[in-house]
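The next block is input_33.cif, given as mmCIF, C-alpha atoms.
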data_my_file
#
loop_
_atom_site.label_atom_id
_atom_site.label_comp_id
_atom_site.auth_asym_id
_atom_site.auth_seq_id
_atom_site.Cartn_x
_atom_site.Cartn_y
_atom_site.Cartn_z
CA MET A 1 75.67 -52.72 -99.99
CA ASP A 2 78.10 -53.29 -97.26
CA ASN A 3 77.63 -56.52 -95.57
CA GLN A 4 78.33 -55.28 -92.06
CA PRO A 5 76.96 -57.03 -89.03
CA VAL A 6 73.91 -55.47 -87.55
CA GLN A 7 74.48 -54.41 -83.95
CA GLN A 8 71.55 -55.20 -81.70
CA PRO A 9 70.67 -52.60 -79.08
CA VAL A 10 71.72 -53.73 -75.69
CA SER A 11 69.82 -52.67 -72.60
CA PRO A 12 72.33 -51.30 -70.16
CA GLN A 13 72.45 -53.08 -66.81
CA ALA A 14 71.36 -50.93 -63.90
CA ASN A 15 74.64 -51.38 -62.15
CA GLU A 16 76.50 -50.19 -65.22
CA ASP A 17 74.56 -46.93 -65.64
CA PRO A 18 75.84 -43.99 -63.50
CA ARG A 19 72.42 -42.33 -63.74
CA PHE A 20 71.04 -45.12 -61.56
CA TRP A 21 73.33 -44.13 -58.66
CA LYS A 22 72.58 -40.45 -59.06
CA LYS A 23 68.90 -41.20 -58.84
CA TYR A 24 68.96 -43.54 -55.83
CA GLN A 25 71.83 -41.97 -53.94
CA LYS A 26 69.58 -39.01 -53.13
CA LEU A 27 66.80 -41.29 -51.87
CA PHE A 28 69.30 -43.23 -49.76
CA LEU A 29 70.57 -40.06 -48.08
CA ILE A 30 67.02 -38.86 -47.34
CA GLY A 31 66.15 -42.20 -45.79
CA ALA A 32 69.27 -42.20 -43.64
CA GLY A 33 68.45 -38.69 -42.44
CA VAL A 34 64.95 -39.75 -41.41
CA ILE A 35 66.35 -42.68 -39.45
CA VAL A 36 68.79 -40.37 -37.61
CA LEU A 37 65.96 -37.97 -36.69
CA ILE A 38 63.85 -40.86 -35.36
CA LEU A 39 66.76 -42.04 -33.21
CA ILE A 40 67.28 -38.53 -31.81
CA ALA A 41 63.57 -38.18 -31.00
CA LEU A 42 63.61 -41.58 -29.29
CA ILE A 43 66.59 -40.60 -27.14
CA VAL A 44 64.89 -37.33 -26.10
CA PHE A 45 61.65 -39.15 -25.27
CA LEU A 46 63.42 -41.75 -23.15
CA GLY A 47 65.39 -39.01 -21.41
CA ARG A 48 62.18 -37.24 -20.41
CA GLY A 49 60.95 -40.43 -18.84
CA LYS A 50 63.67 -40.35 -16.26
CA ASP A 51 63.15 -39.15 -12.69
CA SER A 52 61.89 -35.57 -12.77
CA SER A 53 63.78 -34.86 -9.56
CA ASN A 54 67.07 -34.90 -11.46
CA THR A 55 69.47 -32.45 -9.84
CA GLN A 56 70.16 -30.73 -13.17
CA THR A 57 67.70 -28.78 -15.27
CA GLY A 58 69.41 -27.52 -18.38
CA THR A 59 72.33 -25.50 -17.09
CA ASP A 60 70.58 -24.59 -13.81
CA LYS A 61 71.77 -26.93 -11.07
CA ALA A 62 69.47 -27.91 -8.22
CA VAL A 63 70.95 -27.15 -4.81
CA ALA A 64 68.17 -28.47 -2.54
CA LYS A 65 64.82 -30.22 -2.43
CA VAL A 66 62.28 -28.97 0.12
CA GLY A 67 59.10 -31.00 0.30
CA GLN A 68 57.79 -30.86 -3.27
CA GLU A 69 59.90 -27.89 -4.38
CA THR A 70 63.34 -27.85 -6.00
CA ILE A 71 65.59 -24.89 -5.19
CA TYR A 72 68.01 -23.99 -7.99
CA GLN A 73 71.43 -22.41 -8.19
CA SER A 74 69.90 -19.39 -9.91
CA ASP A 75 67.63 -18.90 -6.87
CA LEU A 76 70.62 -19.05 -4.54
CA ASP A 77 72.59 -16.63 -6.72
CA LYS A 78 69.77 -14.06 -6.61
CA GLU A 79 69.51 -14.24 -2.84
CA LEU A 80 73.30 -14.10 -2.34
CA ALA A 81 73.54 -11.02 -4.56
CA ALA A 82 71.36 -9.13 -2.07
CA TYR A 83 73.10 -10.49 1.03
CA PRO A 84 76.22 -9.06 2.71
CA ASN A 85 79.48 -10.81 1.94
CA VAL A 86 80.01 -12.44 5.33
CA PRO A 87 81.36 -15.81 6.43
CA ASP A 88 78.88 -18.66 5.94
CA ALA A 89 76.69 -16.41 3.76
CA GLN A 90 75.75 -19.31 1.50
CA LYS A 91 74.58 -21.48 4.41
CA ILE A 92 72.65 -18.60 6.01
CA VAL A 93 70.93 -17.74 2.73
CA LEU A 94 70.16 -21.36 1.86
CA ASP A 95 68.62 -21.93 5.30
CA LYS A 96 66.47 -18.84 4.76
CA MET A 97 65.40 -20.13 1.32
CA ILE A 98 64.42 -23.47 2.84
CA ASP A 99 62.29 -21.62 5.42
CA ASP A 100 60.68 -19.60 2.61
CA SER A 101 59.83 -22.76 0.68
CA ILE A 102 58.25 -24.38 3.74
CA THR A 103 56.34 -21.14 4.41
CA LEU A 104 54.91 -21.13 0.89
CA GLN A 105 53.95 -24.81 0.87
CA ALA A 106 52.43 -24.71 4.36
CA GLY A 107 50.74 -21.40 3.52
CA GLN A 108 48.97 -23.01 0.57
CA LYS A 109 47.96 -25.97 2.76
CA ASP A 110 46.41 -23.48 5.23
CA ASN A 111 44.60 -21.73 2.33
CA LEU A 112 46.52 -18.49 2.86
CA ILE A 113 47.92 -18.38 -0.68
CA LYS A 114 47.71 -20.27 -3.97
CA LEU A 115 51.00 -21.33 -5.57
CA ASN A 116 51.83 -21.37 -9.26
CA SER A 117 54.94 -21.76 -11.40
CA ASP A 118 55.45 -17.99 -11.46
CA ILE A 119 56.73 -18.10 -7.87
CA TYR A 120 57.11 -21.78 -7.03
CA ASN A 121 59.12 -24.84 -8.13
CA ASN A 122 60.48 -23.21 -11.26
CA SER A 123 64.03 -22.17 -12.10
CA ASN A 124 62.72 -19.05 -13.85
CA LYS A 125 60.75 -17.43 -11.01
CA ASN A 126 59.40 -13.94 -10.51
CA TYR A 127 61.47 -13.47 -7.38
CA THR A 128 59.82 -10.24 -6.29
CA ALA A 129 56.41 -11.93 -6.38
CA ARG A 130 57.82 -14.90 -4.46
CA ILE A 131 59.11 -12.67 -1.65
CA ASP A 132 55.74 -10.88 -1.52
CA ALA A 133 53.97 -14.24 -1.15
CA VAL A 134 56.26 -15.26 1.72
CA GLN A 135 55.60 -11.94 3.49
CA LYS A 136 51.84 -12.35 3.03
CA VAL A 137 51.91 -15.72 4.78
CA GLN A 138 54.03 -14.30 7.60
CA GLU A 139 51.62 -11.41 8.13
CA ASP A 140 48.53 -13.62 7.94
CA ILE A 141 49.98 -16.04 10.49
CA ALA A 142 50.75 -13.15 12.85
CA LYS A 143 47.18 -11.88 12.52
CA GLU A 144 45.70 -15.34 12.94
CA GLU A 145 47.64 -16.06 16.10
CA SER A 146 47.12 -12.61 17.73
CA LYS A 147 43.39 -12.46 18.21
CA ILE A 148 40.66 -11.39 20.59
CA LYS A 149 37.32 -13.15 20.85
CA GLY A 150 34.22 -12.40 22.80
CA THR A 151 30.67 -11.00 22.87
CA VAL A 152 29.15 -7.52 23.03
CA VAL A 153 25.66 -6.66 24.32
CA ALA A 154 24.25 -3.25 23.34
CA ILE A 155 21.22 -0.94 23.47
CA TRP A 156 21.04 2.02 21.08
CA PHE A 157 19.22 5.27 21.82
CA TYR A 158 20.31 7.19 18.70
CA ASN A 159 20.32 4.82 15.75
CA THR A 160 20.52 7.37 12.88
CA ARG A 161 17.78 9.31 14.67
CA PRO A 162 16.96 10.10 18.33
CA ALA A 163 14.76 7.70 20.29
CA SER A 164 11.06 8.20 19.59
CA ILE A 165 10.44 9.04 23.27
CA GLY A 166 13.02 11.81 23.05
CA LEU A 167 16.82 11.75 23.10
CA GLU A 168 17.34 12.27 26.85
CA GLN A 169 14.55 9.89 27.89
CA GLY A 170 15.79 7.28 25.45
CA ARG A 171 19.36 7.59 26.68
CA ALA A 172 18.29 7.23 30.31
CA LEU A 173 16.13 4.17 29.55
CA ALA A 174 18.92 2.48 27.58
CA GLN A 175 21.42 3.11 30.38
CA GLN A 176 19.09 1.80 33.06
CA LYS A 177 18.20 -1.37 31.12
CA ILE A 178 21.76 -2.29 30.17
CA THR A 179 23.19 -1.52 33.62
CA THR A 180 20.75 -4.01 35.18
CA LEU A 181 21.81 -6.69 32.69
CA TRP A 182 25.51 -5.88 33.18
CA GLN A 183 25.23 -6.36 36.97
CA GLN A 184 23.60 -9.76 36.47
CA VAL A 185 26.30 -10.87 34.04
CA LYS A 186 29.07 -9.66 36.37
CA ASN A 187 27.49 -11.58 39.25
CA GLY A 188 27.17 -14.73 37.17
CA ALA A 189 23.37 -14.68 37.25
CA LEU A 190 23.18 -14.32 33.45
CA THR A 191 25.35 -15.34 30.52
CA MET A 192 26.05 -12.87 27.74
CA GLU A 193 23.73 -14.85 25.49
CA GLU A 194 20.93 -14.66 28.06
CA ALA A 195 21.47 -10.92 28.47
CA GLY A 196 21.19 -10.45 24.73
CA LYS A 197 18.00 -12.52 24.67
CA ARG A 198 16.53 -10.35 27.45
CA ILE A 199 17.07 -7.28 25.27
CA GLN A 200 15.52 -8.95 22.22
CA ASP A 201 12.45 -9.93 24.25
CA ASP A 202 11.98 -6.45 25.78
CA THR A 203 9.39 -4.74 23.58
CA THR A 204 9.68 -1.47 25.54
CA LEU A 205 13.00 -0.92 23.74
CA LEU A 206 11.17 -0.34 20.47
CA GLN A 207 10.71 3.27 21.59
CA VAL A 208 14.48 3.83 21.72
CA ASP A 209 15.64 1.76 18.69
CA SER A 210 13.52 0.23 15.95
CA GLN A 211 16.34 -2.28 15.31
CA TYR A 212 16.87 -3.22 18.98
CA LYS A 213 16.49 -6.96 18.32
CA SER A 214 19.28 -7.20 15.72
CA ASN A 215 21.48 -4.73 17.64
CA ALA A 216 21.15 -6.55 20.98
CA ILE A 217 24.14 -8.92 20.78
CA TYR A 218 27.00 -9.97 18.52
CA THR A 219 30.16 -12.02 18.82
CA PHE A 220 33.57 -10.89 17.62
CA ASP A 221 36.69 -12.74 16.51
CA THR A 222 39.19 -10.14 15.35
CA ALA A 223 42.91 -10.11 14.64
CA LYS A 224 45.44 -7.56 15.80
CA GLY A 225 44.80 -4.23 14.07
CA GLU A 226 41.17 -5.05 13.25
CA LYS A 227 38.23 -3.25 14.85
CA ILE A 228 35.89 -4.88 17.35
CA THR A 229 33.36 -2.03 17.20
CA PHE A 230 33.27 1.26 15.31
CA ASP A 231 34.08 3.15 18.55
CA GLU A 232 37.82 3.42 19.22
CA ASN A 233 37.39 4.02 22.95
CA ALA A 234 35.26 0.89 23.31
CA ASN A 235 37.85 -1.09 21.32
CA SER A 236 40.66 0.12 23.55
CA ILE A 237 38.78 -0.96 26.69
CA LEU A 238 37.84 -4.39 25.31
CA GLU A 239 41.35 -5.14 24.02
CA LYS A 240 42.76 -4.78 27.54
CA LEU A 241 40.42 -7.38 29.03
CA LYS A 242 41.80 -10.78 29.98
CA GLN A 243 40.09 -14.05 29.25
CA GLY A 244 36.78 -14.26 31.11
CA GLU A 245 36.66 -10.57 32.09
CA VAL A 246 33.61 -8.35 31.59
CA SER A 247 33.99 -4.66 30.80
CA ASP A 248 32.14 -1.86 32.53
CA VAL A 249 29.16 -0.32 30.74
CA ILE A 250 30.58 1.88 27.97
CA LEU A 251 28.96 4.91 26.34
CA ALA A 252 29.89 4.52 22.67
CA ASN A 253 29.71 7.03 19.85
CA ASP A 254 28.45 6.82 16.31
CA LYS A 255 29.23 9.12 13.36
CA GLY A 256 26.81 11.02 11.19
CA GLU A 257 27.05 11.48 7.43
CA ASN A 258 29.11 14.62 7.95
CA GLY A 259 31.60 12.71 10.10
CA THR A 260 30.46 14.28 13.37
CA SER A 261 30.72 11.92 16.35
CA TYR A 262 27.90 11.75 18.91
CA PRO A 263 26.80 9.46 21.80
CA ALA A 264 24.56 6.74 20.38
CA LEU A 265 24.48 3.55 22.50
CA TYR A 266 25.49 1.76 25.66
CA LEU A 267 27.35 -1.53 25.55
CA PHE A 268 29.47 -3.92 27.54
CA GLY A 269 31.59 -6.83 26.44
CA LYS A 270 33.05 -10.08 27.67
CA VAL A 271 36.29 -11.55 26.31
CA THR A 272 36.61 -15.33 25.94
CA ASP A 273 40.14 -15.34 24.49
CA ASN A 274 42.79 -12.63 24.10
CA THR A 275 46.29 -13.18 22.75
CA LEU A 276 46.79 -9.62 21.48
CA ASN A 277 49.09 -8.60 24.30
CA SER A 278 50.30 -11.97 25.51
CA SER A 279 54.00 -12.77 25.34
CA ASP A 280 53.01 -16.43 25.13
CA ALA A 281 50.95 -15.96 21.99
CA PRO A 282 52.14 -18.15 19.10
CA ASP A 283 53.93 -16.20 16.38
CA TYR A 284 55.26 -16.86 12.87
CA GLN A 285 58.49 -18.47 14.10
CA THR A 286 56.55 -20.82 16.37
CA TRP A 287 54.27 -21.73 13.47
CA LEU A 288 57.25 -22.28 11.15
CA SER A 289 58.98 -24.54 13.67
CA GLU A 290 55.91 -26.75 13.75
CA GLN A 291 55.62 -26.79 9.95
CA LYS A 292 59.25 -27.86 9.50
CA LYS A 293 58.36 -31.24 10.97
CA ASN A 294 56.16 -31.93 7.92
CA TYR A 295 58.68 -31.30 5.11
CA GLU A 296 61.70 -33.37 4.15
CA VAL A 297 64.77 -31.32 3.17
CA THR A 298 67.62 -32.61 0.99
CA ILE A 299 70.68 -30.46 0.24
CA TYR A 300 72.72 -31.50 -2.80
#
Turn this file's structure into structure tokens for me.
Amino acid sequence: MDNQPVQQPVSPQANEDPRFWKKYQKLFLIGAGVIVLILIALIVFLGRGKDSSNTQTGTDKAVAKVGQETIYQSDLDKELAAYPNVPDAQKIVLDKMIDDSITLQAGQKDNLIKLNSDIYNNSNKNYTARIDAVQKVQEDIAKEESKIKGTVVAIWFYNTRPASIGLEQGRALAQQKITTLWQQVKNGALTMEEAGKRIQDDTTLLQVDSQYKSNAIYTFDTAKGEKITFDENANSILEKLKQGEVSDVILANDKGENGTSYPALYLFGKVTDNTLNSSDAPDYQTWLSEQKKNYEVTIY
């Protein structure tokens, strides 16, 4: 038997075995990747914590700040595309956009519209809807500022059916009663409210109109284009009255189910305020000028 030395198995050292590096190199790379991702997320998070009024949002540059709204380059580009190529076009358009922004913000404050990101303070707006919202505020302001207010006193003699004492008798009684009240109001002996109360307390009027109490008096506060009464002739007369004036007694018509118009009541009115036809009536531009004082504008 050969007398050769017996070789003891030797445990390889970890740093001498290439399989060790293959095993842990993969884990090392995964760990490094995780650390890089954490750093990226941290940078993004810290970046979001910066001032939200930054003049750059992605690739869309902010060109102005109006009150609480940022106006972007994309907004300006859309408006310029629809504007004639004239000198100072950019300034003209930007001024108009600033006015629009103030109109929208002030319109919401006055409860005329409700703003959302679809039309407001967003670089990706629905521009058609935004323009519609601006026009709505303009129209509502015009209606609000051009108004007529006052009171109408009335006695019906054909309220869906002729007076119970007969059509002609009922008409004559209604005319006589309201003419007496009209004269007293014109002379200052009665107020419109007192005249209406006289009608409501006059039980003899039950024979001409079963609803005479509720039909006796009403106040109106209507904008330009809205109706004061259902009778166009009466409306036309009342709209021409100046503040404090009382109309004559007016024979007004009603319409039946078939659309036929017929005499139905007597009325007269008094106007307490009328800016419908006044050149001094406030308009949208006047309103806007006042609103501009409330909004800070910064152009970048």
For this session: List the residues matched by the PyMOL selection byres ((chain A and resi 182-198) around 12) in the displayed structure as a PyMOL selection string, ordered by chain and then by residue number.
Result: chain A and resi 150-155+175-181+199-205+212-219+244-250+266-272
Exercise. For A:Leu104, which residue out of A:Glu69, A:Asp88, A:Asp75, A:Glu257 is the nearest one, using all atoms listed in the file?
Worked result: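 Distance minimum relative to A:Leu104 lands on A:Glu69.
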For this session: Would you write out, as number ranges by chain, every residue that the PyMOL selection byres ((chain A and resi 222) around 9) captures in this file?
Result: A: 143-144, 146-149, 220-221, 223-228
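Taking all atoms listed in the file into account, A:Asp95 lies nearest to A:Lys65 out of the set A:Lys255, A:Lys114, A:Arg130, A:Lys65.
With distances restricted to only C-alpha atoms, A:Leu251 is the closest residue to A:Leu265 from A:Val86, A:Leu251, A:Leu115, A:Leu206.
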Exercise. How many Å lie between atom CA of A:Ser117 and atom CA of A:Thr298, rounded to one decimal?
Worked result: 20.8 Å
Exercise. In Å, with one decimal, what is the gap from atom CA of A:Glu290 to atom CA of A:Ala82?
Worked result: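 One can read the atom CA of A:Glu290 to atom CA of A:Ala82 distance as 28.3 Å.
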Exercise. Quick one: residues within 9 Å of A:Asp231, all atoms listed in the file counted, chain neighbours fewer than 4 positions away excluded, as JSON, numbers by chain?
Worked result: {"A": [227, 235, 236, 252, 253, 254]}
Just-selected residues, C-alpha atoms written as a PDB file, in the frame of the given file:
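Result went into part-v1.pdb, see below:
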ATOM      1  CA  LYS A 227      38.230  -3.250  14.850  1.00  0.00           C
ATOM      2  CA  ASN A 235      37.850  -1.090  21.320  1.00  0.00           C
ATOM      3  CA  SER A 236      40.660   0.120  23.550  1.00  0.00           C
ATOM      4  CA  ALA A 252      29.890   4.520  22.670  1.00  0.00           C
ATOM      5  CA  ASN A 253      29.710   7.030  19.850  1.00  0.00           C
ATOM      6  CA  ASP A 254      28.450   6.820  16.310  1.00  0.00           C
TER       7      ASP A 254
END
For this session: For each of A:Ser74, A:Thr275, A:Asn258, A:Asn116, take the minimum atom-to-atom distance to A:Thr59, counting all atoms listed in the file, then give the residue where this is smallest.
Result: A:Ser74
Exercise. What does the distance from atom CA of A:Thr286 to atom CA of A:Leu94 come to in Å, to one decimal?
Worked result: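 Between atom CA of A:Thr286 and atom CA of A:Leu94 the gap is 19.9 Å.
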Exercise. Neighbours of stretch 89-92 of chain A within 10 Å (only C-alpha atoms; same-chain residues fewer than 5 positions away dropped), as a list in words?
Worked result: Leu76, Asp77, Glu79, Leu80, Tyr83, Pro84 and Met97 of chain A
Problem set entry | Selection result for the PyMOL selection byres ((chain A and resi 98) around 9) on this file, as a ChimeraX atom specification | /A:64-66,71,93-97,99-103,297
For this session: Could you check which of A:Val208, A:Ala62, A:Leu112, A:Ala234 is closest to A:Thr160, using all atoms listed in the file?
Result: A:Val208
